[in-house]
Amino acid sequence: MGENRYNEKIQRNQEKIDDLINRKELRHKRLEAMTQLSPKTPEVLGCAFVVPLNQLEYQKHYGMKRDDEVEQIAIQFAMEFERKNDWFSEDVGAQNLGYDVRSTSKESLKRYIEVKGRSGTGGIMVSENEMFRLGQLGNSAWLYIVYNCKSTPELVRIQNPAKNLRFETKFKGVQYFLPENEWKKEL
């Protein structure tokens with residue numbers, strides 16, 4: 001009786017193995033077919049011209065406009081905060097990594113910080129690339145919102161913002177809006 005069960009179990013496992021081998025071969029054939037080029041001229045079914053909002057439209061829609069001075073104040077304020085807390089920080093914003101500041105502790109812990117600056121208060125926008133990286137980096141990702149940059153800067157720090165905050169998707173995944181009431185609850 002025990003030998004029959006053992007043989008049945010072996011047979012079921014062998015059938016699973018055979019099925020997996022067949023599925024693998026089928027996938028390989030499908031992948032191979034995808035590498036074949038067709039000499040036919042493609043048929044254009046339609047086209048779209050997509051352009052970002054200009055600064056005037058952006059301000060009209062969201063009440064925001066880009067201010068390089070505010071952004072620089074925010075980054076400097078965030079980096080100074082890191083230094084005061086014994087973290088070594090560097091501005092990597094120009095490298096388009098999806099975050100602005102990389103900060104390292106004496107114990108070699110890392111923070112990847114996206115910095116958003118506001119001259120006063122209000123919501124912020126996060127690009128698709130920034131949102132993707134914030135989600136990818138998990139608990140190592142931080143969102144630093146520096147508000148009142150042109151008067152007395154104040155800082156709100158949020159760890160793992162992609163998980164811990166509710167962003168509104170704008171323009172189908174291209175940008176994400178974080179209303180002020182959402183980030184202010186972290187105070």
# chains A, B, ... in the order shown; residues from 1 in each chain; ligands from 1
$ residues_around --residues "stretch 86-103 of chain A" --least-positions-apart "6" --cutoff "7 Å" --atoms "only C-alpha atoms" --output "NGL selection string"
:A and (79 or 110-115 or 129-130 or 133)
$ closest_residue --among "A:Leu178, A:Ile145, A:Cys47, A:Ile17" --to "A:Ser127" --atoms "only C-alpha atoms"
A:Leu178
$ atom_distance --atom1 "atom CA of A:Pro153" --atom2 "atom CA of A:Asp68"
15.3 Å
$ residues_around --residues "A:Gly138" --least-positions-apart "3" --cutoff "6 Å" --atoms "only C-alpha atoms" --output "list of chain:residue names"
A:Gly135, A:Ala141, A:Asn160
$ write_last_selection --atoms "N, CA and C atoms" --output "short mmCIF file (atom, residue, chain, number, x, y, z; two decimals), in the first residue's frame"
data_model
loop_
_atom_site.label_atom_id
_atom_site.label_comp_id
_atom_site.auth_asym_id
_atom_site.auth_seq_id
_atom_site.Cartn_x
_atom_site.Cartn_y
_atom_site.Cartn_z
N GLY A 135 9.47 54.62 -4.38
CA GLY A 135 8.86 53.32 -4.12
C GLY A 135 9.88 52.20 -4.12
N ALA A 141 14.22 55.54 1.45
CA ALA A 141 13.75 56.74 0.75
C ALA A 141 13.14 57.71 1.74
N ASN A 160 9.92 56.66 3.64
CA ASN A 160 9.17 55.77 2.74
C ASN A 160 7.86 56.43 2.29
#
$ select_by_dssp --residues "chain A" --states "helix (DSSP H, G or I)" --output "ChimeraX atom specification"
/A:2-34,55-62,68-84,93-95,128-140,161-164,180-184
